[in-house]
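S.K.: Got a structure for you, questions after.
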Amino acid sequence: MSSTFTTTAKADTTGKPKGRLAAKFRDSAPSTLVLWFLVVCFAFPLFWLILSSFKGADELFAVPLSFFPRRWTFSGYVSAWTSINFAQYFANTAVVAVLTTVFTIIVSAMTGYALAKYDYWWTRLFFIGILLTTMLPTEVIMSPSFLVVRDIGLYNTLAGIIVPSIITATGIFMFRQFFITVPDEMMQAARVDGCSELRIFTRVMLPISKPVIVTLAIFSFQWRWNDYIWPLLILNDSKKFTLQVALRSLVGAEKINWAVLLPASVISMVPLVLIFCFCQKYIVGADTDAGFKG
């Protein structure tokens, strides 16, 4: 009798988790299949681009088309790096993206801190004005921005690309919303300890806003790395071209050198992929209250 009861109890305890697991799998299977279908749809063009960059010019449009290269070759990468002064364009783009990102974080953090912690009627009005700029299409402000850059002598310089791109409404909004969640008691305690306003900002506020800093840095770097229209308007000297403008030069009026354009496009993607791989934890599920844990 005792052994029968023990066997039944084991069957119940082992059967319930399996039943719950099977029910959970049945409930999540449709959504999981849909997500995997979307992953395949979005990833297929990317993998086609990467694999096609290892194909020769004669194989790119050979019939029938093949997903994997029949003959792997790196000649396209060598040609992309040497034929269009790729290293110079890569360096120009890196300078623009890095400097713009650094200044964007500094300016956005200072502006967001001021708008969040100094409550005056004119700061609220100023913040509304910043938000209203997000409703303007880029094409509307491009012409006056170009005239300003030209008149102050920054035309055909990398600084002409960097300076107008420093202030972003998105970055200011992100920092303001974060600093609003910071208790004012932290600032009051720092003032009691004799900290100046600048020291409170640099020693208290900035360290706890690390998730926002990293997230904005990734977004800003991506924006400036992929920017095409603004550098195309500002730059006239081919030696100062950024990577996206230089890649456009590979597209001729009648003929496109796909064997060079595809490898060059893959190389231009590498920095963004690396940054996302190392910093994706700050994008996916970034906790804005991380500074108050523990």
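Chain identifiers are assigned as A, B, and so on, following the order in which chains appear in the structure tokens; residues are numbered from 1 within each chain, and ligands are numbered from 1 in order of appearance.
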Do you know which residues are at most 9 Å from stretch 263-268 of chain A counting only C-alpha atoms, after dropping those on the same chain fewer than 5 positions away, and could you put them as a PDB file with N, CA and C atoms, in the first residue's frame?
M.R.:
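Okay, this is what ended up in around.pdb:
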ATOM      1  N   LEU A  49      23.628  39.864 -49.048  1.00  0.00           N
ATOM      2  CA  LEU A  49      24.641  40.894 -49.275  1.00  0.00           C
ATOM      3  C   LEU A  49      26.027  40.400 -48.871  1.00  0.00           C
ATOM      4  N   ILE A  50      26.120  39.806 -47.691  1.00  0.00           N
ATOM      5  CA  ILE A  50      27.431  39.363 -47.195  1.00  0.00           C
ATOM      6  C   ILE A  50      27.994  38.254 -48.077  1.00  0.00           C
ATOM      7  N   SER A  52      27.177  37.547 -51.189  1.00  0.00           N
ATOM      8  CA  SER A  52      27.436  38.037 -52.539  1.00  0.00           C
ATOM      9  C   SER A  52      28.721  38.840 -52.616  1.00  0.00           C
ATOM     10  N   SER A  53      29.153  39.408 -51.488  1.00  0.00           N
ATOM     11  CA  SER A  53      30.408  40.160 -51.506  1.00  0.00           C
ATOM     12  C   SER A  53      31.619  39.259 -51.726  1.00  0.00           C
ATOM     13  N   PHE A  54      31.445  37.955 -51.538  1.00  0.00           N
ATOM     14  CA  PHE A  54      32.537  37.001 -51.771  1.00  0.00           C
ATOM     15  C   PHE A  54      32.445  36.350 -53.151  1.00  0.00           C
ATOM     16  N   PHE A  74      38.223  37.025 -52.350  1.00  0.00           N
ATOM     17  CA  PHE A  74      38.359  38.257 -51.572  1.00  0.00           C
ATOM     18  C   PHE A  74      38.835  39.419 -52.445  1.00  0.00           C
ATOM     19  N   GLY A  76      37.158  41.375 -54.298  1.00  0.00           N
ATOM     20  CA  GLY A  76      36.300  42.545 -54.170  1.00  0.00           C
ATOM     21  C   GLY A  76      36.678  43.410 -52.980  1.00  0.00           C
ATOM     22  N   TYR A  77      37.043  42.778 -51.870  1.00  0.00           N
ATOM     23  CA  TYR A  77      37.459  43.531 -50.689  1.00  0.00           C
ATOM     24  C   TYR A  77      38.780  44.251 -50.937  1.00  0.00           C
ATOM     25  N   VAL A  78      39.695  43.587 -51.617  1.00  0.00           N
ATOM     26  CA  VAL A  78      40.972  44.224 -51.939  1.00  0.00           C
ATOM     27  C   VAL A  78      40.759  45.412 -52.864  1.00  0.00           C
ATOM     28  N   SER A  79      39.908  45.247 -53.849  1.00  0.00           N
ATOM     29  CA  SER A  79      39.637  46.343 -54.786  1.00  0.00           C
ATOM     30  C   SER A  79      38.922  47.496 -54.093  1.00  0.00           C
ATOM     31  N   ALA A  80      37.997  47.172 -53.189  1.00  0.00           N
ATOM     32  CA  ALA A  80      37.262  48.227 -52.483  1.00  0.00           C
ATOM     33  C   ALA A  80      38.187  49.051 -51.600  1.00  0.00           C
ATOM     34  N   TRP A  81      39.164  48.398 -51.005  1.00  0.00           N
ATOM     35  CA  TRP A  81      40.062  49.096 -50.074  1.00  0.00           C
ATOM     36  C   TRP A  81      41.114  49.932 -50.802  1.00  0.00           C
ATOM     37  N   PHE A  86      39.842  53.973 -49.785  1.00  0.00           N
ATOM     38  CA  PHE A  86      38.874  53.592 -48.768  1.00  0.00           C
ATOM     39  C   PHE A  86      39.341  53.959 -47.366  1.00  0.00           C
ATOM     40  N   PHE A  90      37.214  56.077 -44.721  1.00  0.00           N
ATOM     41  CA  PHE A  90      36.892  55.418 -43.450  1.00  0.00           C
ATOM     42  C   PHE A  90      37.324  56.301 -42.278  1.00  0.00           C
ATOM     43  N   TRP A 225      27.357  57.864 -38.818  1.00  0.00           N
ATOM     44  CA  TRP A 225      28.073  56.951 -39.695  1.00  0.00           C
ATOM     45  C   TRP A 225      27.311  56.722 -40.997  1.00  0.00           C
ATOM     46  N   ASN A 226      25.994  56.674 -40.921  1.00  0.00           N
ATOM     47  CA  ASN A 226      25.167  56.399 -42.093  1.00  0.00           C
ATOM     48  C   ASN A 226      24.668  57.664 -42.783  1.00  0.00           C
ATOM     49  N   LEU A 243      32.269  58.051 -45.840  1.00  0.00           N
ATOM     50  CA  LEU A 243      32.176  56.729 -46.466  1.00  0.00           C
ATOM     51  C   LEU A 243      30.934  56.589 -47.332  1.00  0.00           C
ATOM     52  N   GLN A 244      29.804  57.087 -46.857  1.00  0.00           N
ATOM     53  CA  GLN A 244      28.564  56.929 -47.618  1.00  0.00           C
ATOM     54  C   GLN A 244      28.599  57.725 -48.919  1.00  0.00           C
ATOM     55  N   LEU A 247      30.907  55.798 -51.288  1.00  0.00           N
ATOM     56  CA  LEU A 247      30.264  54.622 -51.872  1.00  0.00           C
ATOM     57  C   LEU A 247      29.329  55.014 -53.009  1.00  0.00           C
ATOM     58  N   TRP A 258      29.283  46.290 -59.072  1.00  0.00           N
ATOM     59  CA  TRP A 258      28.749  45.567 -57.919  1.00  0.00           C
ATOM     60  C   TRP A 258      29.825  44.754 -57.220  1.00  0.00           C
TER      61      TRP A 258
END
S.K.: Sort by chain and increasing residue number a table of all residues of stretch 49-158 of chain A within 6 Å of stretch 169-186 of chain A, each with its closest pair of atoms and their distance in Å to one decimal, counting only C-alpha atoms, and write it as a tab-separated table.
M.R.:
residue	atom	partner	partner_atom	distance
A:Ser108	CA	A:Ile172	CA	4.5
A:Ala109	CA	A:Phe175	CA	5.7
A:Gly112	CA	A:Arg176	CA	4.0
A:Tyr113	CA	A:Arg176	CA	5.9
A:Ala116	CA	A:Arg176	CA	5.2
A:Ile130	CA	A:Ala169	CA	5.9
S.K.: Can you work out which one of A:Trp230, A:Ala159, A:Ala259, A:Val98 has the shortest atom-to-atom distance to A:Ile141, counting only C-alpha atoms?
M.R.: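 Among A:Trp230, A:Ala159, A:Ala259, A:Val98, it is A:Trp230 that comes nearest to A:Ile141.
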S.K.: Restricting the calculation to only C-alpha atoms, which member of A:Ala246, A:Ile105, A:Cys279, A:Ile166 is positioned closest to A:Thr93?
M.R.: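 Answer, going by the shortest atom-to-atom distance: A:Ala246.
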S.K.: Which one is closest to A:Trp72: A:Ala57, A:Val102, A:Ala43, A:Val214? Count only C-alpha atoms.
M.R.: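 Closest to A:Trp72, using only C-alpha atoms: A:Ala57.
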S.K.: Measure the distance from atom CA of A:Thr82 to atom CA of A:Pro231 in Å and round it to one decimal.
M.R.: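 Here the two named atoms are 22.2 Å from each other.
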S.K.: Do a neighbour search on A:Asn92 at 8 Å with only C-alpha atoms, toss out local chain neighbours closer than 4 positions, and write the hits as an NGL selection string.
M.R.: :A and (88 or 96 or 158 or 240-243)
S.K.: Those same residues - all heavy atoms - I'd like them written as a JSON list (two decimals), in the first residue's frame.
M.R.:
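Result saved to part.json:
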[["chain", "number", "residue", "atom", "x", "y", "z"],
["A", 88, "GLN", "N", 41.10, 56.49, -46.34],
["A", 88, "GLN", "CA", 40.88, 57.91, -46.06],
["A", 88, "GLN", "C", 39.42, 58.21, -45.78],
["A", 88, "GLN", "O", 39.08, 58.92, -44.83],
["A", 88, "GLN", "CB", 41.36, 58.74, -47.26],
["A", 88, "GLN", "CG", 41.19, 60.25, -47.07],
["A", 88, "GLN", "CD", 42.05, 60.78, -45.94],
["A", 88, "GLN", "OE1", 43.24, 60.46, -45.86],
["A", 88, "GLN", "NE2", 41.46, 61.59, -45.07],
["A", 96, "VAL", "N", 34.19, 62.13, -37.93],
["A", 96, "VAL", "CA", 32.89, 62.80, -37.85],
["A", 96, "VAL", "C", 31.99, 62.10, -36.84],
["A", 96, "VAL", "O", 31.36, 62.74, -35.98],
["A", 96, "VAL", "CB", 32.23, 62.84, -39.24],
["A", 96, "VAL", "CG1", 30.78, 63.31, -39.11],
["A", 96, "VAL", "CG2", 33.00, 63.75, -40.18],
["A", 158, "LEU", "N", 35.11, 69.11, -42.45],
["A", 158, "LEU", "CA", 34.45, 68.13, -41.60],
["A", 158, "LEU", "C", 33.72, 68.79, -40.44],
["A", 158, "LEU", "O", 32.72, 68.28, -39.94],
["A", 158, "LEU", "CB", 35.48, 67.12, -41.07],
["A", 158, "LEU", "CG", 36.17, 66.24, -42.12],
["A", 158, "LEU", "CD1", 37.14, 65.27, -41.45],
["A", 158, "LEU", "CD2", 35.16, 65.48, -42.96],
["A", 240, "LYS", "N", 37.86, 64.71, -48.67],
["A", 240, "LYS", "CA", 37.17, 64.86, -47.39],
["A", 240, "LYS", "C", 35.85, 64.11, -47.34],
["A", 240, "LYS", "O", 35.11, 64.22, -46.37],
["A", 240, "LYS", "CB", 36.93, 66.34, -47.11],
["A", 240, "LYS", "CG", 38.20, 67.16, -47.01],
["A", 240, "LYS", "CD", 37.90, 68.64, -46.79],
["A", 240, "LYS", "CE", 39.19, 69.46, -46.74],
["A", 240, "LYS", "NZ", 38.92, 70.91, -46.57],
["A", 241, "PHE", "N", 35.55, 63.36, -48.39],
["A", 241, "PHE", "CA", 34.29, 62.63, -48.43],
["A", 241, "PHE", "C", 34.19, 61.65, -47.27],
["A", 241, "PHE", "O", 35.19, 61.06, -46.83],
["A", 241, "PHE", "CB", 34.15, 61.85, -49.74],
["A", 241, "PHE", "CG", 33.72, 62.69, -50.90],
["A", 241, "PHE", "CD1", 33.70, 62.15, -52.18],
["A", 241, "PHE", "CD2", 33.33, 64.01, -50.74],
["A", 241, "PHE", "CE1", 33.29, 62.92, -53.26],
["A", 241, "PHE", "CE2", 32.93, 64.78, -51.81],
["A", 241, "PHE", "CZ", 32.91, 64.23, -53.07],
["A", 242, "THR", "N", 32.97, 61.48, -46.77],
["A", 242, "THR", "CA", 32.70, 60.41, -45.81],
["A", 242, "THR", "C", 32.41, 59.12, -46.58],
["A", 242, "THR", "O", 32.29, 59.11, -47.80],
["A", 242, "THR", "CB", 31.52, 60.77, -44.91],
["A", 242, "THR", "OG1", 30.37, 61.02, -45.72],
["A", 242, "THR", "CG2", 31.82, 62.01, -44.08],
["A", 243, "LEU", "N", 32.27, 58.05, -45.84],
["A", 243, "LEU", "CA", 32.18, 56.73, -46.47],
["A", 243, "LEU", "C", 30.93, 56.59, -47.33],
["A", 243, "LEU", "O", 31.00, 56.04, -48.44],
["A", 243, "LEU", "CB", 32.19, 55.66, -45.38],
["A", 243, "LEU", "CG", 32.56, 54.23, -45.80],
["A", 243, "LEU", "CD1", 33.89, 54.22, -46.53],
["A", 243, "LEU", "CD2", 32.60, 53.33, -44.59]]
S.K.: In Å, how far is it from atom CA of A:Val149 to atom CA of A:Ser165?
M.R.: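 Distance between the two atoms: 11.5 Å.
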S.K.: I'd like the contact shell of A:Phe67 - 10 Å cut-off, only C-alpha atoms, skipping same-chain residues fewer than 5 positions apart - returned as a PyMOL selection string.
M.R.: chain A and resi 44+47-49+51-52+60
S.K.: I need the residue nearest A:Phe68 from this list: A:Ser196, A:Gly56, A:Leu115, A:Trp36. Use only C-alpha atoms for the distance.
M.R.: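 Smallest distance to A:Phe68 is found for A:Gly56.
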S.K.: Mind listing the helix (DSSP H, G or I) residues of stretch 54-130 of chain A, per DSSP on the backbone, as a short mmCIF file (atom, residue, chain, number, x, y, z; two decimals) with N, CA, C and O atoms, in the first residue's frame?
M.R.:
data_model
loop_
_atom_site.label_atom_id
_atom_site.label_comp_id
_atom_site.auth_asym_id
_atom_site.auth_seq_id
_atom_site.Cartn_x
_atom_site.Cartn_y
_atom_site.Cartn_z
N ALA A 57 32.71 38.98 -60.14
CA ALA A 57 31.80 39.78 -60.96
C ALA A 57 31.01 38.92 -61.93
O ALA A 57 29.85 39.20 -62.24
N ASP A 58 31.62 37.83 -62.42
CA ASP A 58 30.93 36.97 -63.38
C ASP A 58 29.87 36.09 -62.73
O ASP A 58 28.99 35.56 -63.39
N GLU A 59 29.93 35.95 -61.41
CA GLU A 59 29.01 35.05 -60.71
C GLU A 59 27.82 35.78 -60.11
O GLU A 59 26.80 35.15 -59.79
N LEU A 60 27.92 37.09 -59.96
CA LEU A 60 26.86 37.84 -59.29
C LEU A 60 25.53 37.73 -60.01
O LEU A 60 24.47 37.62 -59.37
N SER A 75 38.81 39.22 -53.74
CA SER A 75 39.31 40.26 -54.64
C SER A 75 38.47 41.53 -54.56
O SER A 75 38.98 42.65 -54.72
N GLY A 76 37.16 41.37 -54.30
CA GLY A 76 36.30 42.55 -54.17
C GLY A 76 36.68 43.41 -52.98
O GLY A 76 36.67 44.64 -53.06
N TYR A 77 37.04 42.78 -51.87
CA TYR A 77 37.46 43.53 -50.69
C TYR A 77 38.78 44.25 -50.94
O TYR A 77 38.97 45.40 -50.51
N VAL A 78 39.69 43.59 -51.62
CA VAL A 78 40.97 44.22 -51.94
C VAL A 78 40.76 45.41 -52.86
O VAL A 78 41.33 46.50 -52.66
N SER A 79 39.91 45.25 -53.85
CA SER A 79 39.64 46.34 -54.79
C SER A 79 38.92 47.50 -54.09
O SER A 79 39.21 48.67 -54.36
N ALA A 80 38.00 47.17 -53.19
CA ALA A 80 37.26 48.23 -52.48
C ALA A 80 38.19 49.05 -51.60
O ALA A 80 38.02 50.27 -51.48
N TRP A 81 39.16 48.40 -51.01
CA TRP A 81 40.06 49.10 -50.07
C TRP A 81 41.11 49.93 -50.80
O TRP A 81 41.60 50.92 -50.27
N THR A 82 41.46 49.53 -52.02
CA THR A 82 42.56 50.19 -52.73
C THR A 82 42.11 51.10 -53.86
O THR A 82 42.78 52.10 -54.15
N SER A 83 40.97 50.82 -54.47
CA SER A 83 40.61 51.56 -55.68
C SER A 83 40.01 52.93 -55.41
O SER A 83 40.08 53.82 -56.26
N PHE A 86 39.84 53.97 -49.79
CA PHE A 86 38.87 53.59 -48.77
C PHE A 86 39.34 53.96 -47.37
O PHE A 86 38.54 54.37 -46.52
N ALA A 87 40.63 53.83 -47.10
CA ALA A 87 41.14 54.12 -45.76
C ALA A 87 40.91 55.58 -45.38
O ALA A 87 40.56 55.90 -44.23
N GLN A 88 41.10 56.49 -46.34
CA GLN A 88 40.88 57.91 -46.06
C GLN A 88 39.42 58.21 -45.78
O GLN A 88 39.08 58.92 -44.83
N TYR A 89 38.53 57.63 -46.57
CA TYR A 89 37.10 57.84 -46.36
C TYR A 89 36.66 57.23 -45.03
O TYR A 89 35.81 57.79 -44.33
N PHE A 90 37.21 56.08 -44.72
CA PHE A 90 36.89 55.42 -43.45
C PHE A 90 37.32 56.30 -42.28
O PHE A 90 36.58 56.46 -41.30
N ALA A 91 38.52 56.88 -42.37
CA ALA A 91 39.02 57.75 -41.30
C ALA A 91 38.17 59.01 -41.17
O ALA A 91 37.87 59.46 -40.05
N ASN A 92 37.78 59.61 -42.30
CA ASN A 92 36.94 60.81 -42.25
C ASN A 92 35.62 60.52 -41.55
O ASN A 92 35.16 61.31 -40.71
N THR A 93 35.02 59.40 -41.91
CA THR A 93 33.74 59.04 -41.29
C THR A 93 33.90 58.77 -39.81
O THR A 93 33.03 59.15 -39.00
N ALA A 94 34.99 58.12 -39.42
CA ALA A 94 35.22 57.83 -38.00
C ALA A 94 35.40 59.12 -37.21
O ALA A 94 34.87 59.25 -36.09
N VAL A 95 36.13 60.08 -37.76
CA VAL A 95 36.32 61.36 -37.07
C VAL A 95 34.99 62.07 -36.88
O VAL A 95 34.67 62.57 -35.79
N VAL A 96 34.19 62.13 -37.93
CA VAL A 96 32.89 62.80 -37.85
C VAL A 96 31.99 62.10 -36.84
O VAL A 96 31.36 62.74 -35.98
N ALA A 97 31.90 60.77 -36.91
CA ALA A 97 30.99 60.02 -36.04
C ALA A 97 31.41 60.11 -34.57
O ALA A 97 30.57 60.32 -33.69
N VAL A 98 32.70 59.96 -34.31
CA VAL A 98 33.18 59.96 -32.92
C VAL A 98 33.05 61.34 -32.29
O VAL A 98 32.51 61.49 -31.18
N LEU A 99 33.54 62.38 -32.98
CA LEU A 99 33.47 63.72 -32.40
C LEU A 99 32.03 64.19 -32.22
O LEU A 99 31.68 64.78 -31.19
N THR A 100 31.20 63.93 -33.21
CA THR A 100 29.80 64.32 -33.09
C THR A 100 29.12 63.61 -31.93
O THR A 100 28.35 64.21 -31.17
N THR A 101 29.42 62.33 -31.75
CA THR A 101 28.83 61.57 -30.66
C THR A 101 29.26 62.11 -29.31
O THR A 101 28.44 62.27 -28.39
N VAL A 102 30.54 62.41 -29.16
CA VAL A 102 31.06 62.92 -27.88
C VAL A 102 30.40 64.26 -27.54
O VAL A 102 29.90 64.47 -26.42
N PHE A 103 30.39 65.19 -28.49
CA PHE A 103 29.79 66.50 -28.23
C PHE A 103 28.28 66.40 -28.05
O PHE A 103 27.71 67.17 -27.25
N THR A 104 27.64 65.50 -28.75
CA THR A 104 26.20 65.33 -28.59
C THR A 104 25.86 64.86 -27.18
O THR A 104 24.90 65.36 -26.56
N ILE A 105 26.63 63.93 -26.65
CA ILE A 105 26.38 63.45 -25.28
C ILE A 105 26.59 64.56 -24.27
O ILE A 105 25.78 64.75 -23.35
N ILE A 106 27.66 65.33 -24.43
CA ILE A 106 27.95 66.41 -23.47
C ILE A 106 26.86 67.46 -23.49
O ILE A 106 26.30 67.84 -22.45
N VAL A 107 26.51 67.94 -24.68
CA VAL A 107 25.51 69.00 -24.80
C VAL A 107 24.13 68.50 -24.37
O VAL A 107 23.39 69.19 -23.65
N SER A 108 23.77 67.29 -24.78
CA SER A 108 22.45 66.75 -24.43
C SER A 108 22.33 66.52 -22.93
O SER A 108 21.28 66.80 -22.34
N ALA A 109 23.40 66.03 -22.30
CA ALA A 109 23.35 65.79 -20.86
C ALA A 109 23.23 67.10 -20.09
O ALA A 109 22.43 67.21 -19.14
N MET A 110 23.99 68.11 -20.47
CA MET A 110 23.92 69.39 -19.77
C MET A 110 22.57 70.05 -19.97
O MET A 110 21.97 70.58 -19.01
N THR A 111 22.06 70.02 -21.20
CA THR A 111 20.76 70.64 -21.47
C THR A 111 19.63 69.89 -20.77
O THR A 111 18.74 70.49 -20.17
N GLY A 112 19.67 68.55 -20.85
CA GLY A 112 18.65 67.76 -20.18
C GLY A 112 18.65 67.94 -18.68
O GLY A 112 17.59 67.99 -18.04
N TYR A 113 19.84 68.07 -18.08
CA TYR A 113 19.94 68.30 -16.64
C TYR A 113 19.34 69.64 -16.25
O TYR A 113 18.59 69.75 -15.27
N ALA A 114 19.66 70.68 -17.02
CA ALA A 114 19.13 72.01 -16.73
C ALA A 114 17.61 72.04 -16.87
O ALA A 114 16.90 72.63 -16.04
N LEU A 115 17.09 71.42 -17.91
CA LEU A 115 15.64 71.42 -18.12
C LEU A 115 14.90 70.59 -17.10
O LEU A 115 13.71 70.83 -16.83
N ALA A 116 15.57 69.59 -16.52
CA ALA A 116 14.91 68.72 -15.55
C ALA A 116 14.95 69.26 -14.14
O ALA A 116 13.99 69.08 -13.37
N LYS A 117 16.03 69.92 -13.76
CA LYS A 117 16.23 70.30 -12.35
C LYS A 117 16.09 71.79 -12.08
O LYS A 117 16.12 72.19 -10.92
N TRP A 121 9.54 79.04 -15.90
CA TRP A 121 8.59 79.05 -17.00
C TRP A 121 9.29 79.06 -18.35
O TRP A 121 8.84 78.43 -19.29
N TRP A 122 10.42 79.75 -18.40
CA TRP A 122 11.12 79.84 -19.69
C TRP A 122 11.84 78.55 -20.04
O TRP A 122 12.04 78.25 -21.22
N THR A 123 12.25 77.73 -19.02
CA THR A 123 12.85 76.44 -19.34
C THR A 123 11.80 75.48 -19.89
O THR A 123 12.09 74.68 -20.80
N ARG A 124 10.58 75.55 -19.34
CA ARG A 124 9.51 74.72 -19.88
C ARG A 124 9.16 75.13 -21.30
O ARG A 124 8.93 74.28 -22.17
N LEU A 125 9.13 76.43 -21.55
CA LEU A 125 8.86 76.93 -22.90
C LEU A 125 9.98 76.54 -23.86
O LEU A 125 9.72 76.16 -25.02
N PHE A 126 11.21 76.59 -23.38
CA PHE A 126 12.36 76.21 -24.21
C PHE A 126 12.30 74.73 -24.56
O PHE A 126 12.61 74.33 -25.69
N PHE A 127 11.90 73.90 -23.61
CA PHE A 127 11.79 72.46 -23.86
C PHE A 127 10.69 72.17 -24.88
O PHE A 127 10.86 71.32 -25.76
N ILE A 128 9.59 72.88 -24.80
CA ILE A 128 8.52 72.70 -25.79
C ILE A 128 9.03 73.08 -27.18
O ILE A 128 8.73 72.41 -28.17
N GLY A 129 9.81 74.16 -27.25
CA GLY A 129 10.38 74.56 -28.53
C GLY A 129 11.30 73.50 -29.11
O GLY A 129 11.31 73.26 -30.32
N ILE A 130 12.08 72.84 -28.24
CA ILE A 130 12.97 71.77 -28.70
C ILE A 130 12.15 70.60 -29.25
O ILE A 130 12.48 70.03 -30.30
#
S.K.: Could you state the separation of atom CA of A:Ser145 and atom CA of A:Ile218 in Å, given to one decimal place?
M.R.: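 Spanning atom CA of A:Ser145 to atom CA of A:Ile218 is a straight-line distance of 24.6 Å.
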S.K.: Here is a test: counting only C-alpha atoms, which residue of A:Trp223, A:Asp237, A:Leu154, A:Thr215 is nearest to A:Phe276?
M.R.: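 With only C-alpha atoms as the atom set, the closest residue is A:Thr215.
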S.K.: When you count only C-alpha atoms, which of these residues is closest to A:Ile275: A:Val34, A:Phe221, A:Asn85, A:Arg20?
M.R.: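 When distances to A:Ile275 are compared using only C-alpha atoms, the smallest one comes from A:Phe221.
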